[in-house]
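Asks: Pasting a structure here, questions to come.
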Amino acid sequence: MKSFQNSSTKGTPVEELELIRQSKTECNRLREASPKNQELELLSIELDRAERRVIELIGEELANKANQAGVPLKELTIRLRERVNSMSKFAKLFETILKYL
Amino acid sequence: METSGIKLRHVIVACLVSTTILGCASLSKTQIKSVQTFYKLTDSVTSSPVKIWSLLNDVRTDRYILSVSTLSNNKLLIDEIDSIRVSWKKNNRIGDKLEQSFELMNAYCYSLTLLASPEKWESSGRGIKSLGKNIDSLIIRYNSLGFKYELPSGYGKSISRALGYSAETYFKHRQIKLLRRFIVQGDTVFARLCDNLYETLSSDSFRVLISTERKGVRDQFHNYALLKQNKGEVISFLETKEFYRMTSQIEEAESLRISCCRRLKSLKSAHNRLSKEIQQRKKADELLNDIYRLSDEISKFL
């Protein structure tokens, strides 16, 4: 397990995930041979946790990347909303003024 | 009195003609339809990424539950279930974060639809048009009071109709001006966002996440089945059905990812098409409709 932890920190999250998957396959194979081995159960759990951590990391990276180009569109949408609102207000004001004429 | 009535009539007609010339720059029916179609297309794309993420998150949770169910240590099992729950929540938050850009895309398109909506601006003109009757009755009451100068009666309706038509045309003119400005400005920004989201969904990382689930579910189920076999037990119908459900969910996520990538590409070109269309002037038949409408309005004054 120590060797896995050391090597996993070197690669990218995707490479790390692949390494974890390979280790899990190996761990499962060993557990099939000795099903009640507590150390192997612990290793299996550690690998699951490491996998979850890496998946969360990849997810965060993807979400950040997806949101990168959103800022200019957000600003444009805010400006657009302001214009639509001011036009609506103006239309209402115009109608109200004429009603009282 | 008759002369001032004729003059007033001329002023109204002149006012209508000038506003119609201004109104030639208003939105055509095709342009309004283009904006509405574009919004529908965006709406269909925006819900997909969250669904993909949520499908993967649910399958992943089930896979981990399958993994811990093979443990012989109960304490370890309970701790692990808590850890799985925490991770599920974290991934849900990531899903919400991933949704932000798509929601933004939706908000932008919705605002465009709101601005392009013909009902929104026509209603103010319609409201003004109906005021004429009130003005006329006010003039009749004024004249009945016996003042030296009588006001020309019967023109309240005409004035309000002209004002209503002018207001409607003015708002339509503002509407197209704003739409043109925002759509042309937004074209590059929108294209960049579409490219960015396409790259995210078609990235190696996203593909790896799906393939990890695909392999993970198979490996985990295989391991679970073997451990049961070693105890002399067999996999039940419900367990097999669960395996089927999990693999189906992964395939659903993958097909959603592919269709979402395809739709993002078409969304990008749809916005570009919209940008070109919105810059075009009205077609001859639509201009003719405007002219017929104007002559119809004018005929009510003559």
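Identifiers in the structure tokens: chain A, B, ... in order shown; residue index from 1 per chain; ligand index from 1 in order shown.
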Counting only C-alpha atoms, a student should be able to say which residues of chain B come within 6 Å of chain A; what is the right answer, written as a list of chain:residue names?
Replies: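 Those within range of chain A come out as B:Lys97, B:Leu98, B:Ser101, B:Tyr108, B:Val189, B:Leu193, B:Leu197.
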Asks: Atoms to include: N, CA and C atoms. Write the selected residues as an mmCIF file, in the first residue's frame.
Replies:
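In the end it all went to result_26.cif:
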```cif
data_model
loop_
_atom_site.group_PDB
_atom_site.id
_atom_site.type_symbol
_atom_site.label_atom_id
_atom_site.label_comp_id
_atom_site.auth_asym_id
_atom_site.auth_seq_id
_atom_site.Cartn_x
_atom_site.Cartn_y
_atom_site.Cartn_z
ATOM 1 N N LYS B 97 -22.086 22.743 -9.594
ATOM 2 C CA LYS B 97 -21.083 23.663 -10.130
ATOM 3 C C LYS B 97 -21.006 23.522 -11.655
ATOM 4 N N LEU B 98 -21.062 22.277 -12.090
ATOM 5 C CA LEU B 98 -21.009 21.985 -13.525
ATOM 6 C C LEU B 98 -22.243 22.561 -14.240
ATOM 7 N N SER B 101 -22.673 26.908 -15.715
ATOM 8 C CA SER B 101 -22.465 27.456 -17.060
ATOM 9 C C SER B 101 -23.671 27.210 -17.948
ATOM 10 N N TYR B 108 -29.305 33.522 -20.452
ATOM 11 C CA TYR B 108 -29.019 34.433 -21.573
ATOM 12 C C TYR B 108 -30.078 34.262 -22.671
ATOM 13 N N VAL B 189 -18.778 35.303 -27.442
ATOM 14 C CA VAL B 189 -18.801 34.826 -26.053
ATOM 15 C C VAL B 189 -19.541 33.489 -25.964
ATOM 16 N N LEU B 193 -18.109 29.739 -24.986
ATOM 17 C CA LEU B 193 -18.686 28.932 -23.901
ATOM 18 C C LEU B 193 -19.090 27.544 -24.412
ATOM 19 N N LEU B 197 -17.535 24.058 -23.074
ATOM 20 C CA LEU B 197 -18.354 22.979 -22.511
ATOM 21 C C LEU B 197 -18.200 21.699 -23.323
#
```
Asks: Using only C-alpha atoms, find the one residue out of B:Thr113, B:Asn73, B:Thr61, B:Ser158 that sits nearest to Thr37 of chain B.
Replies: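 Smallest separation from Thr37 of chain B among the options: B:Thr113.
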Asks: With only C-alpha atoms as the atoms that count, which of B:Leu145, B:Leu227, B:Gly186, B:Asn57 lies nearest to Arg93 of chain B?
Replies: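 Checking each candidate against Arg93 of chain B, we get B:Asn57 as the closest.
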Asks: From the options B:Gln280, B:Ser255, B:Ser48, B:Ser137, which residue's atoms come nearest to Ile176 of chain B, counting only C-alpha atoms?
Replies: B:Gln280
Asks: Atom CA of Lys172 of chain B to atom CA of Asn106 of chain B: how many Å, to one decimal?
Replies: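 One can read the atom CA of Lys172 of chain B to atom CA of Asn106 of chain B distance as 23.7 Å.
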Asks: Please, what distance in Å, to one decimal, runs between atom CA of Asn74 of chain B and atom CA of Asn223 of chain B?
Replies: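 A separation of 18.9 Å between them.
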Asks: What separation in Å, quoted to one decimal, exists between atom CA of Ile278 of chain B and atom CA of Leu104 of chain B?
Replies: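 Calculated distance between atom CA of Ile278 of chain B and atom CA of Leu104 of chain B is 21.7 Å.
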Asks: Give the answer as one residue: which of B:Leu55, B:Val50, B:Val184, B:Ala116 has the shortest atom-to-atom distance to Arg273 of chain B, using only C-alpha atoms?
Replies: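 That would be B:Val184, the residue with the smallest distance to Arg273 of chain B.
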